[in-house]
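Asks: Dropping the structure in here first, questions after.
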Amino acid sequence: MRNKLGRTITGAAVLALTATGVATGPADASTDVGDAASAVVPDAVWTANGWPAPSADPHLPDASGNIPADQEEAPQPLIDEGVYGPDTDSASASAEPTGPAAAASVISGNGTANWAYNNLDTKWEYRTDCANFVSKALYHGGGMQMRPGGRKADNAWWQGKYGFGKSWSWTSADYLRRHVTKWRNAATVPHEYNAKVGDLVFFKWKKEKVYNHVAIVSAMVQGHARIVQHGLKNETTLHEVIDRYSHTSNPIEKVTIVRPKTRK
Amino acid sequence: MPRLKQSHTAAGWLAAAMLLTSGCAALDNSSADARGSDASYEQAYADHEPLHVVGYPSTGSLLVMQELVWDIADGKTDALRKLATSDSSESEATKTAENWIKGFGTGARGKVTGDFYDGGSERQVVVLYFHDSRQVKEFTVRLDGDAGKENWRVLMKSTDFKDAVHAPTWAPKEPGGTGSRTNNN
């Protein structure tokens, strides 16, 4: 099977599904990518404090994600230990939508990947632009809609239309992972060969607190994922990224492939 | 009327003189600021053995590694710990800085070569070769911070001294030995 760009797509038909049609796994499941990532260790970062309550941030943007310039928040540390909870993946327990109406409410993986592939040379807006690039692909290509909310809130995902900035879930890989997992019913893909075009790939390095990189699956070739990203190489493979750091003292210890579902 | 005209002329000269004075002062200030900022880097550069470089550094990864070597050489624990990424606590960064100064201080004051692997767009693995002390050490540097406010920082989580001075088994004996490509290992 080939997509619009002629890239081979496999794996879509072999996604391991349970009887309910949903990929399942442990709450903090990472994706099995074979030997290269066999040194997966438990993540000691997450706490048992649970997810934070919906933000009471007074700087709420409107439905379009715009916030007044005078309500821009002062810089805050990106890492906020203690507010994270375990990845109780609600998506893993939700049912796959069916029918035309449901299909219209589902994020288009092909749309996401096609936008990303065709816009690889789009301007980097940040020095670490990976999440911003993926967010733009989800929005412009996948049809994922913005959600209003506080800049740092997990439930929010927006970019201002008049230069008022973007939510952290738009620009930070780890915040984006938490957003799609919790609020877009994203399912965790258990193995690399189960990945589909348009899936999001999150990377966590062993000695780093959180997931610090995200890319998009652009094609599946014999069960292996090709990815596009704003990173060291815009087009590469999942295994090339893993291999690059595999022998160093700070290897990639977790790769989590997720498939966000709901647009709203 | 002539007196008024004379008064205007005098005021004009005064204003022009004031503008010129303040203009000169502004120029002096801006010039001094610029020199001050650059001079601190240049002075630090001149005060140390230049870092020999192979591989593929970016301006950011090179600068943070130069600062790291200089701070180790000078025994500046506080300055060194401030280079840490947000991955480590303050105590972890401080202990790591102390370990590196203790372990590599002598070597850092001599010739040092940095092998910058693959590329330094957002993160990079750098191996330092301390020639005088014949030590080799791997470092990870990366852009860290809120979107739009990122800076190059060093991963500092080596609170155990042995771990802090542990030589990488994968690195070639000589800098550049694998073409500064990790995939060549």
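Identifiers in this document derive from the order of the structure tokens: chains are assigned A, B, ..., residues are numbered from 1 separately in each chain, and ligands are numbered from 1 in order of occurrence.
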Taking only C-alpha atoms into account, report as number ranges by chain which residues of chain A lie within 10 Å of chain B.
Replies: A: 75-79, 125-132, 165-168, 170-172, 207-210, 212-213, 230-233, 240-241, 243-250
Asks: Out of range 33-178 of chain B, which residues get strand (DSSP E or B) from DSSP, as a VMD selection string?
Replies: chain B and resid 52 to 55 84 112 to 116 123 to 130 135 to 144 151 to 154
Asks: Can you tell me which residues surround Val127 in chain B at a distance of at most 6 Å, considering only C-alpha atoms, apart from same-chain residues fewer than 4 positions away, and format the answer as a CSV table (one decimal) with all heavy atoms, in the first residue's frame?
Replies:
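Listed below is the output, result_18.csv:
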chain,number,residue,atom,x,y,z
B,114,GLY,N,38.5,18.8,22.0
B,114,GLY,CA,37.1,18.4,22.0
B,114,GLY,C,36.7,17.8,20.7
B,114,GLY,O,36.9,18.4,19.7
B,115,ASP,N,36.2,16.5,20.8
B,115,ASP,CA,35.7,15.9,19.6
B,115,ASP,C,34.2,16.0,19.6
B,115,ASP,O,33.5,15.4,20.4
B,115,ASP,CB,36.1,14.4,19.6
B,115,ASP,CG,36.0,13.7,18.2
B,115,ASP,OD1,35.3,14.3,17.3
B,115,ASP,OD2,36.5,12.6,18.1
B,137,LYS,N,37.0,12.0,28.5
B,137,LYS,CA,35.7,12.1,29.2
B,137,LYS,C,34.6,12.5,28.2
B,137,LYS,O,34.8,13.4,27.4
B,137,LYS,CB,35.7,13.1,30.3
B,137,LYS,CG,34.4,13.4,31.0
B,137,LYS,CD,33.9,12.1,31.7
B,137,LYS,CE,32.5,12.4,32.4
B,137,LYS,NZ,31.9,11.1,32.9
B,138,GLU,N,33.4,11.8,28.3
B,138,GLU,CA,32.3,12.1,27.4
B,138,GLU,C,31.3,13.1,28.1
B,138,GLU,O,31.0,12.9,29.3
B,138,GLU,CB,31.6,10.8,27.1
B,138,GLU,CG,30.2,11.0,26.4
B,138,GLU,CD,29.4,9.7,26.5
B,138,GLU,OE1,29.9,8.6,26.8
B,138,GLU,OE2,28.1,9.9,26.3
Asks: Please, which residues of range 53-136 of chain B, numbered as in this document, come out helix (DSSP H, G or I) from DSSP, as a count of residues only?
Replies: 40
Asks: So how far away is CA of Gly176 in chain B from CA of Ala164 in chain B, in Å?
Replies: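 Value for the CA of Ala164 in chain B-CA of Gly176 in chain B distance: 22.5 Å.
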Asks: Between CA of Thr112 in chain A and CA of Thr188 in chain A, measure the distance and give it in Å to one decimal.
Replies: 17.3 Å
